[in-house]
$ cat upload-v5.csv   # CSV, C-alpha atoms
chain,number,residue,atom,x,y,z
A,77,MET,CA,-4.7,-11.5,7.9
A,78,SER,CA,-3.8,-8.1,6.5
A,79,ASN,CA,-0.8,-7.4,4.5
A,80,THR,CA,0.4,-5.1,7.2
A,81,GLN,CA,0.2,-7.9,9.7
A,82,ILE,CA,2.2,-10.2,7.4
A,83,VAL,CA,5.0,-7.7,7.3
A,84,LEU,CA,4.9,-7.1,11.1
A,85,ASP,CA,5.1,-10.9,11.6
A,86,PHE,CA,8.1,-11.0,9.2
A,87,ILE,CA,9.8,-8.2,11.2
A,88,ASP,CA,9.0,-10.1,14.4
A,89,ALA,CA,10.6,-13.2,13.0
A,90,TRP,CA,13.7,-11.2,12.3
A,91,ASN,CA,13.7,-9.8,15.8
A,92,ARG,CA,13.5,-13.3,17.2
A,93,MET,CA,16.2,-14.3,14.8
A,94,ASP,CA,13.9,-17.1,13.6
A,95,MET,CA,15.4,-17.5,10.2
A,96,ASP,CA,13.1,-20.4,9.4
A,97,ALA,CA,10.1,-18.2,9.8
A,98,VAL,CA,11.8,-15.4,7.8
A,99,ILE,CA,12.4,-17.7,4.9
A,100,ASP,CA,9.0,-19.3,5.1
A,101,ALA,CA,7.4,-15.9,4.6
A,102,LEU,CA,9.0,-15.6,1.2
A,103,THR,CA,7.6,-16.8,-2.1
A,104,GLU,CA,9.8,-19.2,-4.2
A,105,ASP,CA,10.4,-16.4,-6.8
A,106,ILE,CA,11.1,-13.7,-4.2
A,107,VAL,CA,12.9,-10.6,-5.4
A,108,TYR,CA,15.1,-9.1,-2.7
A,109,ASP,CA,16.6,-5.7,-3.6
A,110,ASN,CA,18.6,-4.4,-0.7
A,111,ILE,CA,19.3,-1.1,-2.5
A,112,PRO,CA,22.1,0.0,-3.1
A,113,MET,CA,23.5,-3.6,-3.0
A,114,GLU,CA,23.0,-6.4,-5.5
A,115,ARG,CA,19.5,-7.5,-6.3
A,116,LEU,CA,18.8,-11.1,-5.5
A,117,GLU,CA,16.1,-13.3,-7.1
A,118,GLY,CA,14.6,-16.6,-6.1
A,119,LYS,CA,14.5,-18.2,-2.7
A,120,ALA,CA,17.4,-20.5,-3.5
A,121,VAL,CA,19.6,-17.4,-3.9
A,122,VAL,CA,18.0,-15.2,-1.2
A,123,GLU,CA,18.0,-17.8,1.6
A,124,PRO,CA,21.7,-18.3,1.9
A,125,ALA,CA,22.3,-14.5,1.7
A,126,LEU,CA,19.9,-13.9,4.6
A,127,ARG,CA,21.1,-16.8,6.7
A,128,HIS,CA,24.8,-16.1,6.2
A,129,GLY,CA,25.2,-12.6,4.9
A,130,MET,CA,26.3,-11.1,8.3
A,131,GLU,CA,27.2,-12.8,11.5
A,132,LEU,CA,24.6,-11.5,13.9
A,133,THR,CA,24.0,-12.1,17.6
A,134,GLY,CA,20.9,-9.8,17.8
A,135,VAL,CA,18.3,-8.1,15.7
A,136,ASP,CA,15.9,-5.4,16.7
A,137,TRP,CA,13.9,-3.7,13.9
A,138,GLU,CA,12.0,-0.7,15.2
A,139,VAL,CA,9.0,0.2,13.0
A,140,LEU,CA,8.5,4.0,13.0
A,141,SER,CA,5.8,4.1,10.4
A,142,ILE,CA,3.9,1.5,8.3
A,143,ALA,CA,1.4,2.0,5.5
A,144,GLU,CA,-0.6,-0.5,3.4
A,145,ASN,CA,-1.7,0.3,-0.2
A,146,GLY,CA,-3.2,-2.8,-1.8
A,147,ASP,CA,-0.6,-5.5,-2.1
A,148,ARG,CA,2.2,-3.2,-0.9
A,149,VAL,CA,3.3,-2.4,2.6
A,150,LEU,CA,5.7,0.5,3.2
A,151,THR,CA,7.9,0.7,6.3
A,152,GLU,CA,10.1,3.3,7.9
A,153,ARG,CA,12.4,1.5,10.3
A,154,ILE,CA,15.5,1.7,12.4
A,155,ASP,CA,17.2,-1.7,11.9
A,156,ASN,CA,19.4,-2.4,14.8
A,157,PHE,CA,21.9,-5.3,14.4
A,158,THR,CA,24.3,-6.7,17.0
A,159,LEU,CA,27.5,-8.3,15.9
A,160,PRO,CA,29.8,-10.6,17.8
A,161,GLY,CA,31.6,-8.7,20.6
A,162,ASP,CA,28.4,-6.7,21.2
A,163,TYR,CA,29.1,-4.2,18.4
A,164,LYS,CA,26.0,-2.4,17.2
A,165,LEU,CA,24.9,-1.3,13.7
A,166,VAL,CA,22.0,1.2,13.5
A,167,MET,CA,20.5,1.7,10.1
A,168,PRO,CA,17.6,4.0,9.1
A,169,VAL,CA,15.7,2.1,6.4
A,170,MET,CA,12.7,2.6,4.2
A,171,GLY,CA,11.3,-0.7,3.0
A,172,THR,CA,8.7,-1.8,0.5
A,173,PHE,CA,7.1,-5.3,0.6
A,174,GLU,CA,4.8,-6.7,-2.1
A,175,ILE,CA,2.5,-9.4,-0.8
A,176,GLU,CA,1.0,-12.2,-2.9
A,177,ASN,CA,-1.3,-14.9,-1.5
A,178,GLY,CA,-0.2,-14.1,2.1
A,179,MET,CA,3.6,-14.2,1.3
A,180,ILE,CA,6.3,-11.7,0.5
A,181,ARG,CA,7.1,-11.8,-3.3
A,182,ALA,CA,9.2,-8.7,-3.4
A,183,TRP,CA,11.2,-6.9,-0.7
A,184,ARG,CA,13.1,-3.6,-1.3
A,185,ASP,CA,15.0,-1.8,1.4
A,186,TYR,CA,16.5,1.6,0.8
A,187,PHE,CA,19.4,2.7,3.0
A,188,ASP,CA,22.7,4.7,2.9
A,189,LEU,CA,25.5,2.3,2.2
A,190,ALA,CA,28.1,4.7,3.6
A,191,THR,CA,26.4,4.6,7.0
A,192,LEU,CA,26.6,0.8,7.0
A,193,THR,CA,30.2,0.7,5.7
A,194,SER,CA,31.5,3.2,8.3
A,195,GLN,CA,29.8,1.3,11.2
A,196,LEU,CA,31.2,-2.0,9.9
A,197,GLN,CA,34.7,-0.5,9.7
A,198,GLU,CA,34.4,0.9,13.3
A,199,ALA,CA,33.3,-2.6,14.5
A,200,GLN,CA,36.2,-4.3,12.7
A,201,ALA,CA,38.7,-1.8,14.1
A,202,ALA,CA,37.4,-2.3,17.6
A,203,GLN,CA,37.6,-6.1,17.2
A,204,GLN,CA,41.2,-5.9,15.9
A,205,SER,CA,42.2,-3.6,18.8
A,206,GLN,CA,40.9,-6.2,21.3
A,207,GLN,CA,43.0,-9.0,19.8
$ encode --input "upload-v5.csv" --output "structure tokens"
Amino acid sequence: MSNTQIVLDFIDAWNRMDMDAVIDALTEDIVYDNIPMERLEGKAVVEPALRHGMELTGVDWEVLSIAENGDRVLTERIDNFTLPGDYKLVMPVMGTFEIENGMIRAWRDYFDLATLTSQLQEAQAAQQSQQ
């Protein structure tokens, strides 16, 4: 299996919200750097962050571009998340995945934190106005 296919399968697991498959794709010493947020190291730390970091009811990562160079796969994506109450977050993301022995050993996503923060604030305000 190509490294590109490993990453596409990982993205597909996210889109199915199959967190067991997401976690199974990571090495034990995974480095997850969701830039500009805190860097996480080791599956024992990364797994709970992925499983419980945001309350999600839907995920749809759209791959706009993907390129493989040796053990690295670069992605340009639109990450769409649905929150409870059908609130949508739309995040342009550039991602880099490093593959080792068929698993993801490093994952770096680059995005604009202000874009995420403003959308989360809008969703929270909408939720509060409905209560």
$ closest_residue --input "upload-v5.csv" --among "A:Ala89, A:Asp162, A:Arg148, A:Arg184" --to "Leu116 (chain A)" --atoms "all atoms listed in the file"
A:Arg184
$ residues_around --input "upload-v5.csv" --residues "region 141-147 of chain A" --least-positions-apart "5" --cutoff "8 Å" --atoms "all atoms listed in the file" --output "list in words"
Asn79, Thr80, Glu152, Arg153, Glu174, Ile175 and Glu176 of chain A
$ write_last_selection --input "upload-v5.csv" --atoms "C-alpha atoms" --output "compact mmCIF listing (two decimals), keeping the file's coordinate frame"
# COMPACT_ATOMS: atom_id res chain seq x y z
CA ASN A 79 -0.80 -7.40 4.50
CA THR A 80 0.40 -5.10 7.20
CA GLU A 152 10.10 3.30 7.90
CA ARG A 153 12.40 1.50 10.30
CA GLU A 174 4.80 -6.70 -2.10
CA ILE A 175 2.50 -9.40 -0.80
CA GLU A 176 1.00 -12.20 -2.90
$ closest_residue --input "upload-v5.csv" --among "A:Arg115, A:Phe86, A:Asn91, A:Ala97" --to "Thr158 (chain A)" --atoms "all atoms listed in the file"
A:Asn91
$ residues_around --input "upload-v5.csv" --residues "Met130 (chain A)" --least-positions-apart "6" --cutoff "12 Å" --atoms "all atoms listed in the file" --output "VMD selection string"
chain A and resid 124 157 to 160 165 192 196
$ write_last_selection --input "upload-v5.csv" --atoms "C-alpha atoms" --output "PDB file, keeping the file's coordinate frame"
ATOM      1  CA  PRO A 124      21.700 -18.300   1.900  1.00  0.00           C
ATOM      2  CA  PHE A 157      21.900  -5.300  14.400  1.00  0.00           C
ATOM      3  CA  THR A 158      24.300  -6.700  17.000  1.00  0.00           C
ATOM      4  CA  LEU A 159      27.500  -8.300  15.900  1.00  0.00           C
ATOM      5  CA  PRO A 160      29.800 -10.600  17.800  1.00  0.00           C
ATOM      6  CA  LEU A 165      24.900  -1.300  13.700  1.00  0.00           C
ATOM      7  CA  LEU A 192      26.600   0.800   7.000  1.00  0.00           C
ATOM      8  CA  LEU A 196      31.200  -2.000   9.900  1.00  0.00           C
TER       9      LEU A 196
END
$ residues_around --input "upload-v5.csv" --residues "Glu104 (chain A)" --least-positions-apart "3" --cutoff "12 Å" --atoms "all atoms listed in the file" --output "MDAnalysis selection string"
chainID A and resid 99:101 107:108 117:123 176 179:182
$ atom_distance --input "upload-v5.csv" --atom1 "CA of Asp105 (chain A)" --atom2 "CA of Met167 (chain A)"
26.7 Å
$ residues_around --input "upload-v5.csv" --residues "Gln195 (chain A)" --least-positions-apart "5" --cutoff "10 Å" --atoms "all atoms listed in the file" --output "list in words"
Tyr163, Lys164, Leu165, Val166, Met167, Ala190, Gln200 and Ala201 of chain A
$ closest_residue --input "upload-v5.csv" --among "A:Leu140, A:Ile82, A:Ala199, A:Leu132" --to "Val98 (chain A)" --atoms "all atoms listed in the file"
A:Ile82
$ closest_residue --input "upload-v5.csv" --among "A:Ile87, A:Ser205, A:Thr133, A:Thr103" --to "Thr151 (chain A)" --atoms "all atoms listed in the file"
A:Ile87
$ atom_distance --input "upload-v5.csv" --atom1 "CA of Leu150 (chain A)" --atom2 "CA of Ser194 (chain A)"
26.4 Å
$ closest_residue --input "upload-v5.csv" --among "A:Asp188, A:Asp96, A:Asp88, A:Ile106" --to "Trp137 (chain A)" --atoms "all atoms listed in the file"
A:Asp88
$ decode --input "upload-v5.csv" --residues "region 177-200 of chain A" --atoms "N, CA and C atoms" --output "short mmCIF file (atom, residue, chain, number, x, y, z; two decimals), in the first residue's frame"
data_model
loop_
_atom_site.label_atom_id
_atom_site.label_comp_id
_atom_site.auth_asym_id
_atom_site.auth_seq_id
_atom_site.Cartn_x
_atom_site.Cartn_y
_atom_site.Cartn_z
N ASN A 177 6.66 2.13 8.45
CA ASN A 177 6.14 0.76 8.49
C ASN A 177 4.62 0.71 8.37
N GLY A 178 4.09 1.52 7.46
CA GLY A 178 2.66 1.49 7.17
C GLY A 178 1.78 2.21 8.17
N MET A 179 2.39 2.97 9.10
CA MET A 179 1.62 3.69 10.11
C MET A 179 2.07 5.15 10.16
N ILE A 180 1.21 5.99 10.70
CA ILE A 180 1.52 7.42 10.82
C ILE A 180 2.33 7.63 12.09
N ARG A 181 3.56 8.14 11.92
CA ARG A 181 4.43 8.38 13.09
C ARG A 181 4.51 9.86 13.44
N ALA A 182 4.14 10.72 12.49
CA ALA A 182 4.08 12.16 12.76
C ALA A 182 2.96 12.75 11.92
N TRP A 183 2.22 13.68 12.52
CA TRP A 183 1.09 14.32 11.85
C TRP A 183 1.11 15.78 12.28
N ARG A 184 1.31 16.65 11.28
CA ARG A 184 1.30 18.09 11.52
C ARG A 184 0.23 18.73 10.65
N ASP A 185 -0.69 19.44 11.29
CA ASP A 185 -1.69 20.21 10.56
C ASP A 185 -1.44 21.69 10.83
N TYR A 186 -1.54 22.49 9.78
CA TYR A 186 -1.34 23.93 9.87
C TYR A 186 -2.66 24.60 9.49
N PHE A 187 -3.16 25.47 10.39
CA PHE A 187 -4.41 26.16 10.13
C PHE A 187 -4.40 27.48 10.89
N ASP A 188 -5.38 28.33 10.60
CA ASP A 188 -5.49 29.63 11.24
C ASP A 188 -6.36 29.50 12.49
N LEU A 189 -5.76 29.69 13.65
CA LEU A 189 -6.48 29.54 14.91
C LEU A 189 -7.63 30.54 15.03
N ALA A 190 -7.45 31.75 14.52
CA ALA A 190 -8.52 32.76 14.59
C ALA A 190 -9.77 32.30 13.83
N THR A 191 -9.58 31.61 12.73
CA THR A 191 -10.72 31.08 11.96
C THR A 191 -11.49 30.07 12.80
N LEU A 192 -10.78 29.17 13.46
CA LEU A 192 -11.42 28.18 14.32
C LEU A 192 -12.11 28.85 15.49
N THR A 193 -11.42 29.75 16.16
CA THR A 193 -11.96 30.40 17.36
C THR A 193 -13.23 31.18 17.04
N SER A 194 -13.23 31.93 15.95
CA SER A 194 -14.42 32.72 15.61
C SER A 194 -15.61 31.83 15.30
N GLN A 195 -15.38 30.70 14.62
CA GLN A 195 -16.48 29.79 14.32
C GLN A 195 -17.01 29.12 15.59
N LEU A 196 -16.10 28.76 16.49
CA LEU A 196 -16.54 28.17 17.75
C LEU A 196 -17.35 29.17 18.57
N GLN A 197 -16.93 30.43 18.59
CA GLN A 197 -17.67 31.46 19.31
C GLN A 197 -19.06 31.66 18.72
N GLU A 198 -19.16 31.65 17.39
CA GLU A 198 -20.46 31.78 16.74
C GLU A 198 -21.37 30.61 17.09
N ALA A 199 -20.82 29.41 17.10
CA ALA A 199 -21.62 28.22 17.45
C ALA A 199 -22.08 28.30 18.90
N GLN A 200 -21.20 28.71 19.80
CA GLN A 200 -21.58 28.83 21.21
C GLN A 200 -22.65 29.89 21.41
#
